[in-house]
$ cat final.txt   # compact mmCIF, C-alpha atoms
# COMPACT_ATOMS: atom_id res chain seq x y z
CA MET A 1 30.02 58.23 157.49
CA THR A 2 27.98 55.90 159.66
CA ASP A 3 29.67 54.12 162.51
CA PRO A 4 30.52 50.52 161.79
CA THR A 5 28.24 47.93 163.32
CA GLY A 6 30.74 45.13 163.03
CA TYR A 7 33.91 43.93 161.38
CA THR A 8 34.53 41.06 159.03
CA PRO A 9 35.46 37.94 160.99
CA ARG A 10 39.02 36.88 161.51
CA ASP A 11 39.67 34.77 158.42
CA TRP A 12 40.91 31.54 159.94
CA GLY A 13 41.82 30.38 156.43
CA SER A 14 44.47 33.13 156.37
CA HIS A 15 45.78 33.08 159.93
CA PRO A 16 47.92 30.36 161.49
CA PRO A 17 46.31 28.02 164.01
CA TYR A 18 46.96 28.36 167.75
CA ILE A 19 48.73 25.03 167.84
CA TYR A 20 51.17 24.19 165.05
CA ALA A 21 53.31 21.27 166.14
CA ASP A 22 56.43 22.20 164.14
CA TYR A 23 56.65 25.45 166.12
CA LYS A 24 57.44 23.73 169.35
CA SER A 25 56.35 26.39 171.80
CA THR A 26 52.77 26.29 170.55
CA PRO A 27 51.51 22.92 171.89
CA LEU A 28 51.61 24.07 175.53
CA ARG A 29 50.58 27.65 174.89
CA GLY A 30 47.71 27.73 172.43
CA PRO A 31 44.11 27.44 173.62
CA THR A 32 42.73 23.94 173.04
CA ARG A 33 38.99 24.49 173.42
CA PRO A 34 36.78 25.98 170.74
CA LEU A 35 36.62 29.78 170.77
CA VAL A 36 33.30 31.16 171.98
CA PRO A 37 31.66 33.37 169.32
CA LEU A 38 31.28 36.99 170.42
CA LYS A 39 29.14 39.46 168.50
CA ALA A 40 30.78 42.86 168.62
CA THR A 41 29.51 45.28 171.26
CA LEU A 42 30.59 48.84 171.92
CA SER A 43 33.58 47.36 173.76
CA GLU A 44 34.86 45.81 170.53
CA LEU A 45 33.76 48.52 168.09
CA THR A 46 35.92 50.96 170.00
CA GLY A 47 39.65 50.60 170.57
CA PRO A 48 42.77 52.50 171.53
CA VAL A 49 43.47 55.62 169.50
CA TYR A 50 47.07 56.71 169.01
CA GLY A 51 47.70 59.43 166.47
CA HIS A 52 50.49 61.68 165.32
CA GLU A 53 50.98 63.10 168.82
CA THR A 54 52.39 59.69 169.78
CA ILE A 55 55.35 59.97 167.45
CA GLY A 56 58.76 61.44 168.25
CA LYS A 57 60.69 63.01 165.41
CA LEU A 58 63.15 60.14 164.90
CA ASP A 59 60.73 57.32 165.73
CA ALA A 60 60.29 56.28 162.08
CA ASP A 61 64.01 56.37 161.27
CA LEU A 62 65.72 53.39 162.86
CA THR A 63 69.00 54.40 161.22
CA LYS A 64 69.02 57.46 163.47
CA ASN A 65 66.93 56.78 166.58
CA GLY A 66 69.58 54.59 168.20
CA ALA A 67 72.68 56.33 166.86
CA LYS A 68 75.35 57.13 169.45
CA ASN A 69 78.44 58.05 167.47
CA GLY A 70 77.77 57.12 163.88
CA GLU A 71 75.49 55.21 161.57
CA PRO A 72 74.36 51.63 162.09
CA LEU A 73 76.12 48.96 160.05
CA GLY A 74 74.21 47.07 157.41
CA GLU A 75 72.26 47.54 154.24
CA ARG A 76 70.12 50.67 154.56
CA ILE A 77 66.52 50.09 153.48
CA ILE A 78 63.17 51.84 153.22
CA VAL A 79 60.07 49.91 154.20
CA THR A 80 56.77 51.41 153.13
CA GLY A 81 53.26 50.34 152.24
CA ARG A 82 49.57 50.91 152.63
CA VAL A 83 47.43 49.79 155.51
CA MET A 84 43.96 48.99 154.19
CA ASP A 85 40.94 46.80 154.76
CA GLU A 86 39.82 43.88 152.62
CA ARG A 87 38.04 46.21 150.21
CA GLY A 88 41.14 48.30 149.71
CA ARG A 89 39.85 51.19 151.80
CA PRO A 90 42.76 52.97 153.50
CA VAL A 91 43.22 52.84 157.27
CA PRO A 92 44.44 56.36 158.01
CA ASN A 93 45.95 57.71 161.23
CA THR A 94 46.73 54.37 162.77
CA LEU A 95 49.81 53.50 164.75
CA VAL A 96 52.38 51.12 163.24
CA GLU A 97 55.01 49.82 165.67
CA VAL A 98 58.07 47.87 164.49
CA TRP A 99 60.98 46.03 166.06
CA GLN A 100 63.78 43.97 164.54
CA ALA A 101 67.25 42.48 164.88
CA ASN A 102 70.30 44.43 163.74
CA ALA A 103 72.18 43.65 160.52
CA ALA A 104 74.17 40.91 162.29
CA GLY A 105 71.01 39.14 163.45
CA ARG A 106 71.21 40.29 167.08
CA TYR A 107 68.32 41.77 169.03
CA ILE A 108 69.08 44.38 171.66
CA HIS A 109 66.72 42.47 173.99
CA LYS A 110 68.54 41.29 177.13
CA VAL A 111 67.26 37.73 176.67
CA ASP A 112 68.91 37.38 173.24
CA GLN A 113 72.16 35.47 173.77
CA HIS A 114 73.03 34.88 170.11
CA ASP A 115 76.78 35.23 169.60
CA ALA A 116 76.59 38.10 167.15
CA PRO A 117 77.59 41.68 167.85
CA LEU A 118 75.30 44.41 169.10
CA ASP A 119 75.57 47.59 167.08
CA PRO A 120 76.12 50.64 169.30
CA ASN A 121 74.31 52.75 166.73
CA PHE A 122 71.24 50.60 166.27
CA PHE A 123 68.31 50.15 168.66
CA GLY A 124 65.83 48.37 166.41
CA GLY A 125 62.48 49.70 167.62
CA GLY A 126 60.38 52.42 166.07
CA ARG A 127 56.90 53.59 165.13
CA CYS A 128 54.94 55.81 162.82
CA VAL A 129 51.32 56.71 162.04
CA THR A 130 49.69 56.12 158.67
CA ASP A 131 48.79 59.17 156.60
CA SER A 132 45.37 60.01 155.19
CA GLU A 133 45.83 57.35 152.48
CA GLY A 134 46.92 54.69 154.94
CA ARG A 135 50.59 54.92 153.98
CA TYR A 136 53.49 54.36 156.37
CA ARG A 137 57.24 54.60 155.85
CA PHE A 138 60.31 53.56 157.84
CA TYR A 139 64.02 53.88 157.31
CA THR A 140 66.08 51.08 158.81
CA VAL A 141 68.77 48.51 158.01
CA LYS A 142 68.03 45.04 156.72
CA PRO A 143 67.80 42.70 159.72
CA GLY A 144 70.04 39.64 159.79
CA ALA A 145 68.96 36.02 160.15
CA TYR A 146 69.56 34.43 163.54
CA PRO A 147 69.51 30.96 165.08
CA TRP A 148 66.88 29.81 167.55
CA GLY A 149 66.29 26.70 169.57
CA ASN A 150 63.19 25.29 167.94
CA HIS A 151 64.99 22.38 166.28
CA PRO A 152 68.57 21.52 165.33
CA ASN A 153 70.12 24.18 163.09
CA ALA A 154 66.98 26.33 163.16
CA TRP A 155 67.35 29.85 161.75
CA ARG A 156 64.74 32.58 161.51
CA PRO A 157 64.53 34.27 158.11
CA ASN A 158 65.22 37.99 157.96
CA HIS A 159 62.12 39.70 159.29
CA ILE A 160 60.68 42.84 160.83
CA HIS A 161 57.96 42.61 163.50
CA PHE A 162 54.90 44.80 162.96
CA SER A 163 52.14 45.76 165.41
CA LEU A 164 49.02 47.66 164.31
CA PHE A 165 45.79 48.78 165.95
CA GLY A 166 43.46 49.79 163.12
CA PRO A 167 40.18 51.52 163.97
CA SER A 168 38.86 49.13 166.63
CA TYR A 169 39.72 46.52 169.21
CA LEU A 170 38.94 43.87 166.59
CA THR A 171 41.38 45.10 163.96
CA ARG A 172 44.48 44.51 166.10
CA LEU A 173 47.26 42.75 164.23
CA VAL A 174 50.75 41.61 165.19
CA THR A 175 52.69 40.13 162.31
CA GLN A 176 56.12 39.79 160.70
CA MET A 177 57.35 41.06 157.36
CA TYR A 178 59.75 38.89 155.40
CA PHE A 179 62.03 39.56 152.41
CA PRO A 180 61.68 38.16 148.91
CA GLY A 181 63.87 35.23 147.91
CA ASP A 182 64.92 34.27 151.43
CA PRO A 183 65.92 30.56 151.40
CA LEU A 184 65.10 30.24 155.10
CA LEU A 185 61.39 30.85 154.51
CA ALA A 186 60.90 27.29 153.25
CA LEU A 187 62.36 25.99 156.53
CA ASP A 188 60.76 28.33 159.06
CA PRO A 189 57.87 26.89 161.11
CA ILE A 190 56.61 30.34 162.10
CA PHE A 191 56.20 31.34 158.46
CA LEU A 192 55.01 27.85 157.44
CA GLY A 193 52.38 27.86 160.19
CA THR A 194 50.51 30.29 157.96
CA PRO A 195 48.07 28.65 155.53
CA GLU A 196 49.83 28.26 152.20
CA LYS A 197 47.46 30.50 150.24
CA ALA A 198 48.19 33.43 152.55
CA ARG A 199 51.97 33.11 153.00
CA ASP A 200 52.88 35.44 150.14
CA ARG A 201 51.08 38.27 151.94
CA LEU A 202 53.87 38.21 154.55
CA ILE A 203 56.65 38.75 152.01
CA SER A 204 57.57 42.30 151.05
CA LYS A 205 58.35 43.21 147.45
CA PHE A 206 61.50 44.91 146.31
CA SER A 207 60.71 48.17 144.53
CA ILE A 208 63.13 50.15 142.39
CA ASP A 209 60.63 53.02 142.52
CA VAL A 210 60.81 53.20 146.30
CA THR A 211 64.59 52.75 146.21
CA GLU A 212 66.40 56.06 146.75
CA PRO A 213 69.39 56.54 144.42
CA GLU A 214 72.77 56.44 146.13
CA PHE A 215 71.04 55.86 149.47
CA ALA A 216 68.73 52.94 150.28
CA LEU A 217 66.89 49.96 148.78
CA GLY A 218 63.10 50.06 148.86
CA TYR A 219 60.68 47.35 149.99
CA VAL A 220 56.89 47.53 149.87
CA PHE A 221 54.75 45.72 152.41
CA ASP A 222 51.00 46.35 152.27
CA ILE A 223 48.97 45.29 155.29
CA VAL A 224 45.30 44.25 155.18
CA LEU A 225 43.20 44.51 158.34
CA ARG A 226 39.65 43.35 159.00
CA GLY A 227 37.18 45.81 157.50
CA ALA A 228 34.10 47.48 158.90
CA THR A 229 30.76 46.05 157.83
CA ALA A 230 27.78 48.26 157.10
CA THR A 231 25.23 45.86 158.51
CA PRO A 232 25.40 43.61 161.55
CA MET A 233 27.00 40.26 160.86
CA GLU A 234 24.52 37.42 160.69
CA SER A 235 25.42 34.61 163.01
CA MET B 1 31.59 45.61 147.18
CA ALA B 2 33.91 42.66 146.87
CA GLU B 3 36.51 41.85 149.44
CA ASN B 4 39.49 41.63 147.14
CA PHE B 5 42.36 41.72 149.57
CA GLY B 6 43.02 38.87 151.96
CA GLN B 7 43.77 39.61 155.57
CA THR B 8 47.44 39.84 156.41
CA PRO B 9 48.20 36.73 158.49
CA SER B 10 49.05 37.10 162.14
CA GLN B 11 52.50 36.04 163.36
CA THR B 12 53.83 35.60 166.86
CA VAL B 13 54.97 38.60 168.89
CA GLY B 14 58.08 36.48 169.61
CA PRO B 15 60.34 36.60 172.65
CA TYR B 16 61.83 40.03 171.95
CA PHE B 17 58.82 42.33 171.81
CA ALA B 18 59.77 44.26 174.92
CA TYR B 19 62.04 46.95 173.46
CA GLY B 20 59.50 47.66 170.74
CA LEU B 21 56.19 47.46 172.61
CA THR B 22 56.89 47.81 176.34
CA PRO B 23 60.28 49.54 176.32
CA GLU B 24 60.11 51.66 179.48
CA GLN B 25 58.74 48.80 181.57
CA TYR B 26 61.78 46.73 180.60
CA GLY B 27 64.30 49.58 180.85
CA TYR B 28 64.91 50.33 177.17
CA PRO B 29 65.45 53.88 175.96
CA LEU B 30 62.26 54.39 173.93
CA LYS B 31 59.17 56.18 175.17
CA GLU B 32 56.32 53.72 175.45
CA ILE B 33 52.81 54.49 174.27
CA ALA B 34 51.10 52.54 177.03
CA SER B 35 52.01 50.85 180.30
CA GLY B 36 50.42 49.10 183.25
CA ARG B 37 49.35 52.43 184.66
CA LEU B 38 46.08 53.54 183.06
CA ALA B 39 44.91 55.98 185.69
CA SER B 40 46.63 58.71 187.63
CA GLU B 41 46.15 59.19 191.38
CA ASP B 42 43.39 61.71 190.85
CA ALA B 43 41.51 59.83 188.13
CA GLU B 44 37.77 59.84 188.53
CA GLY B 45 36.40 56.54 189.83
CA GLN B 46 37.38 53.70 192.09
CA ARG B 47 41.06 52.95 191.81
CA ILE B 48 41.81 49.27 191.45
CA ARG B 49 44.73 47.02 190.66
CA ILE B 50 44.41 44.03 188.36
CA GLU B 51 47.03 41.37 188.59
CA GLY B 52 47.49 37.83 187.43
CA LYS B 53 49.71 35.31 185.76
CA VAL B 54 49.51 33.55 182.44
CA TYR B 55 49.87 29.78 182.80
CA ASP B 56 50.87 27.35 180.07
CA GLY B 57 49.58 23.82 179.68
CA ALA B 58 52.22 22.48 182.07
CA GLY B 59 51.13 24.92 184.79
CA ALA B 60 54.18 27.17 184.47
CA ALA B 61 53.78 30.94 184.68
CA ILE B 62 54.79 32.38 181.30
CA SER B 63 57.53 35.02 181.43
CA ASP B 64 57.28 36.30 177.86
CA ALA B 65 53.61 37.06 177.40
CA MET B 66 52.23 40.51 176.74
CA ILE B 67 48.77 41.48 177.96
CA GLU B 68 46.77 44.40 176.60
CA ILE B 69 43.60 45.69 178.21
CA TRP B 70 40.90 47.98 176.81
CA GLN B 71 38.20 49.40 179.03
CA ALA B 72 35.62 52.09 179.59
CA ASP B 73 36.09 54.81 182.17
CA ALA B 74 34.30 54.89 185.53
CA LYS B 75 31.14 56.13 183.81
CA GLY B 76 31.20 53.37 181.20
CA ARG B 77 32.40 55.60 178.35
CA TYR B 78 35.05 54.62 175.81
CA ALA B 79 37.63 57.12 174.60
CA HIS B 80 36.87 56.45 170.95
CA PRO B 81 34.80 58.17 168.25
CA ALA B 82 32.37 55.22 168.04
CA ASP B 83 31.16 55.97 171.57
CA PRO B 84 28.51 58.64 170.99
CA ARG B 85 28.72 59.93 174.55
CA GLY B 86 32.03 61.56 173.82
CA SER B 87 35.42 60.68 175.10
CA ASN B 88 36.97 61.27 178.44
CA ALA B 89 40.22 63.00 177.54
CA ASP B 90 41.74 62.14 180.92
CA PHE B 91 41.33 58.40 180.57
CA ARG B 92 42.47 56.62 177.44
CA GLY B 93 41.50 53.17 178.71
CA PHE B 94 44.35 51.18 177.17
CA GLY B 95 47.09 49.31 179.03
CA ARG B 96 49.92 47.05 178.00
CA PHE B 97 52.22 45.00 180.24
CA GLY B 98 54.77 42.24 179.67
CA THR B 99 55.13 39.40 182.16
CA GLY B 100 58.94 39.46 182.11
CA THR B 101 59.75 42.12 184.73
CA ASP B 102 57.86 40.95 187.80
CA PRO B 103 59.75 38.27 189.78
CA ASP B 104 56.60 36.14 189.81
CA ASN B 105 55.81 36.81 186.13
CA ARG B 106 52.66 38.71 186.97
CA PHE B 107 51.00 41.35 184.84
CA ILE B 108 49.91 44.35 186.86
CA PHE B 109 47.53 47.12 185.84
CA ASP B 110 46.66 50.14 187.96
CA THR B 111 43.41 51.55 186.69
CA VAL B 112 39.89 52.53 187.65
CA LYS B 113 36.99 50.15 187.77
CA PRO B 114 35.00 50.58 184.56
CA GLY B 115 31.36 51.55 184.75
CA ALA B 116 28.61 49.74 182.90
CA SER B 117 28.27 51.13 179.40
CA GLY B 118 24.48 51.09 179.52
CA ASP B 119 23.82 48.45 176.87
CA GLY B 120 22.99 45.63 179.25
CA GLN B 121 26.56 44.47 179.69
CA ALA B 122 28.13 44.14 183.11
CA PRO B 123 31.25 46.17 183.80
CA HIS B 124 34.13 44.38 182.11
CA ILE B 125 37.54 44.81 180.56
CA ASN B 126 38.60 43.43 177.19
CA VAL B 127 41.86 41.49 177.45
CA THR B 128 44.17 40.47 174.60
CA VAL B 129 46.91 37.88 175.08
CA PHE B 130 50.10 37.73 173.03
CA MET B 131 53.17 35.58 173.58
CA ARG B 132 56.06 33.71 172.06
CA GLY B 133 54.60 30.40 171.02
CA MET B 134 51.27 31.82 169.96
CA LEU B 135 50.95 32.69 166.28
CA VAL B 136 47.62 34.49 166.74
CA HIS B 137 46.57 36.67 169.67
CA ALA B 138 43.69 35.56 171.88
CA PHE B 139 40.73 37.68 173.00
CA THR B 140 39.18 37.26 176.43
CA ARG B 141 37.25 39.37 178.92
CA LEU B 142 37.57 40.18 182.61
CA TYR B 143 34.45 40.56 184.77
CA PHE B 144 34.32 41.50 188.45
CA SER B 145 33.44 39.14 191.33
CA ASP B 146 31.53 41.86 193.19
CA GLU B 147 29.15 42.43 190.25
CA ALA B 148 27.24 39.17 190.57
CA ALA B 149 23.84 40.65 189.73
CA ALA B 150 25.09 42.47 186.63
CA ASN B 151 27.17 39.46 185.59
CA ALA B 152 24.06 37.26 185.69
CA GLU B 153 22.40 39.54 183.12
CA ASP B 154 25.43 40.01 180.87
CA PRO B 155 24.75 38.68 177.35
CA VAL B 156 28.34 37.76 176.59
CA LEU B 157 28.88 35.96 179.87
CA SER B 158 25.56 34.20 179.38
CA SER B 159 26.76 32.91 176.01
CA VAL B 160 29.62 31.09 177.72
CA PRO B 161 29.01 27.53 178.97
CA ALA B 162 28.01 27.88 182.64
CA ASP B 163 30.81 25.68 183.92
CA ARG B 164 33.44 27.92 182.29
CA ARG B 165 32.16 31.37 183.27
CA ASP B 166 34.30 31.47 186.39
CA THR B 167 37.40 31.67 184.21
CA LEU B 168 36.33 35.21 183.28
CA ILE B 169 35.63 36.49 186.79
CA ALA B 170 38.41 38.42 188.52
CA GLN B 171 38.35 37.87 192.28
CA ARG B 172 38.24 40.94 194.47
CA GLN B 173 40.69 41.14 197.37
CA GLU B 174 41.16 44.02 199.79
CA GLY B 175 44.80 44.51 200.60
CA PRO B 176 46.80 47.14 202.46
CA GLY B 177 47.42 48.95 199.19
CA GLY B 178 43.78 48.98 198.11
CA VAL B 179 41.50 46.82 196.02
CA VAL B 180 43.12 44.13 193.90
CA TYR B 181 41.33 41.93 191.42
CA ARG B 182 43.11 38.69 190.74
CA PHE B 183 42.75 37.41 187.18
CA ASP B 184 44.84 34.43 186.16
CA ILE B 185 44.82 33.32 182.54
CA HIS B 186 45.11 29.60 181.86
CA MET B 187 45.98 28.82 178.26
CA GLN B 188 45.09 25.15 178.66
CA GLY B 189 43.95 22.55 181.18
CA ASP B 190 40.85 22.06 183.31
CA ALA B 191 40.69 25.75 184.10
CA GLU B 192 41.38 26.89 180.51
CA THR B 193 40.26 30.48 180.18
CA VAL B 194 37.44 31.17 177.76
CA PHE B 195 38.76 32.84 174.62
CA PHE B 196 36.47 34.47 172.12
CA ASP B 197 36.19 34.45 168.36
CA ALA B 198 35.52 38.17 168.28
$ encode --input "final.txt" --output "structure tokens"
Amino acid sequence: MTDPTGYTPRDWGSHPPYIYADYKSTPLRGPTRPLVPLKATLSELTGPVYGHETIGKLDADLTKNGAKNGEPLGERIIVTGRVMDERGRPVPNTLVEVWQANAAGRYIHKVDQHDAPLDPNFFGGGRCVTDSEGRYRFYTVKPGAYPWGNHPNAWRPNHIHFSLFGPSYLTRLVTQMYFPGDPLLALDPIFLGTPEKARDRLISKFSIDVTEPEFALGYVFDIVLRGATATPMES
Amino acid sequence: MAENFGQTPSQTVGPYFAYGLTPEQYGYPLKEIASGRLASEDAEGQRIRIEGKVYDGAGAAISDAMIEIWQADAKGRYAHPADPRGSNADFRGFGRFGTGTDPDNRFIFDTVKPGASGDGQAPHINVTVFMRGMLVHAFTRLYFSDEAAANAEDPVLSSVPADRRDTLIAQRQEGPGGVVYRFDIHMQGDAETVFFDA
């Protein structure tokens, strides 16, 4: 296999803008000047490599990695999917990091002051590495919705945060996975900041095939990263 | 071959990334994959510290940003299969630091100064900025103030409007603890940092 000479551009028709007024923290934080085009050099065609050696044995099981004296409360779920590029080629051996609220909608983070209980048996952070076909798999509990200060009576839909590297510096992605049928999606400025045509890509699908009988419901969330190009991108 | 699958949209890292992405730095019980310490005491090369703050459009230092850096080793080699010179197993070249633990909301990286990679670029570090209130991460680069000659020849720096290049130059200071490069990131305003569409 030849080394890639570039990656497909970030598709700005699929990603949210830096400044989206309804998400009220963005107007003072997003860059305001046009981005300067940068043709990939060795510095961008390379990127951090974290493989299976990075993973502890309970890291991909959030129902166990924070357990102190029992199991976490909530609806046990499996979250799995394929990491691939835009042509459907798998992204193997890449690190997937996740973090989420507990079933009551409370993050363990010290800054979270939401009046909902912490769960002594749930931490909420984990990671795994994709297999040779780009597949990942986590066990966890379904995160709860929680209020935030963006606007009166603002609530975040149930979601799990994802962080991925992919094969290069350019393929980095931080995103959030949502759940099908959540009524809060239509009200959430973080979700709605995404161009309409691409919003469905953020919503996982329930799968009875992934569901384990007598144990846990299954959700599938495939993730598409920028793909390597065979020839240099024309400017 | 057709590109049949649309890119998964980016979403914000949010305010609560720390226990997932920088857990040890913030005191959470999960081993972290990367930190602000890229190089050990005996790492080959010139040991340097990089520090700075991330300012919002009102001039306030942001306390819930996360900075990642990616760099070559002291000989300009990247620890990645796409670098044909082979990797340096002792230096991974990746750092990650949240701005919520330092009392002044600084990010701090202890590393080695990267060498030039031999393709005409000046020594530099790739910097990625994430934060609550940003739905998409931002790419920038850090160059070194004591590399003026190499900076003048750098093709990426040369592609930046001349009056904005200074936003990418980290300023060298010699302190009691060693060499510190100061690199502040301004999200907006007159000194808005150059961000790249990479």
$ residues_around --input "final.txt" --residues "range 150-160 of chain A" --least-positions-apart "4" --cutoff "6 Å" --atoms "only C-alpha atoms" --output "PDB file with C-alpha atoms, in the frame of the given file"
ATOM      1  CA  GLN A 100      63.780  43.970 164.540  1.00  0.00           C
ATOM      2  CA  PRO A 143      67.800  42.700 159.720  1.00  0.00           C
ATOM      3  CA  GLY A 144      70.040  39.640 159.790  1.00  0.00           C
ATOM      4  CA  ALA A 145      68.960  36.020 160.150  1.00  0.00           C
ATOM      5  CA  TYR A 146      69.560  34.430 163.540  1.00  0.00           C
ATOM      6  CA  GLN A 176      56.120  39.790 160.700  1.00  0.00           C
ATOM      7  CA  MET A 177      57.350  41.060 157.360  1.00  0.00           C
ATOM      8  CA  TYR A 178      59.750  38.890 155.400  1.00  0.00           C
ATOM      9  CA  LEU A 184      65.100  30.240 155.100  1.00  0.00           C
ATOM     10  CA  LEU A 185      61.390  30.850 154.510  1.00  0.00           C
TER      11      LEU A 185
END
$ closest_residue --input "final.txt" --among "B:Glu32, B:Asp163, B:Glu41, B:Asp146" --to "chain A" --atoms "only C-alpha atoms"
B:Glu32
$ interface_residues --input "final.txt" --of "chain B" --to "chain A" --cutoff "7 Å" --atoms "only C-alpha atoms" --output "JSON, numbers by chain"
{"B": [2, 3, 4, 5, 6, 7, 8, 9, 10, 11, 12, 13, 16, 19, 20, 33, 56, 57, 58, 70, 78, 80, 82, 94, 133, 134, 135, 136, 156, 160, 187, 188, 195, 196, 197, 198]}
$ residues_near_point --input "final.txt" --point "(50.2, 40.2, 185.7)" --cutoff "8 Å" --atoms "all atoms listed in the file" --output "PyMOL selection string"
chain B and resi 50-54+67+97-99+102+105-109+184
$ atom_distance --input "final.txt" --atom1 "CA of Pro92 in chain A" --atom2 "CA of Arg141 in chain B"
27.9 Å
$ residues_around --input "final.txt" --residues "Ile48 in chain B" --least-positions-apart "2" --cutoff "10 Å" --atoms "only C-alpha atoms" --output "list in words"
Ala39, Gly45, Gln46, Ile50, Glu51, Phe109, Asp110, Thr111, Val112, Lys113, Pro114, Arg172, Glu174, Gly177, Gly178, Val179, Val180 and Tyr181 of chain B
$ write_last_selection --input "final.txt" --atoms "C-alpha atoms" --output "compact mmCIF listing (two decimals), in the coordinates of the input"
# COMPACT_ATOMS: atom_id res chain seq x y z
CA ALA B 39 44.91 55.98 185.69
CA GLY B 45 36.40 56.54 189.83
CA GLN B 46 37.38 53.70 192.09
CA ILE B 50 44.41 44.03 188.36
CA GLU B 51 47.03 41.37 188.59
CA PHE B 109 47.53 47.12 185.84
CA ASP B 110 46.66 50.14 187.96
CA THR B 111 43.41 51.55 186.69
CA VAL B 112 39.89 52.53 187.65
CA LYS B 113 36.99 50.15 187.77
CA PRO B 114 35.00 50.58 184.56
CA ARG B 172 38.24 40.94 194.47
CA GLU B 174 41.16 44.02 199.79
CA GLY B 177 47.42 48.95 199.19
CA GLY B 178 43.78 48.98 198.11
CA VAL B 179 41.50 46.82 196.02
CA VAL B 180 43.12 44.13 193.90
CA TYR B 181 41.33 41.93 191.42
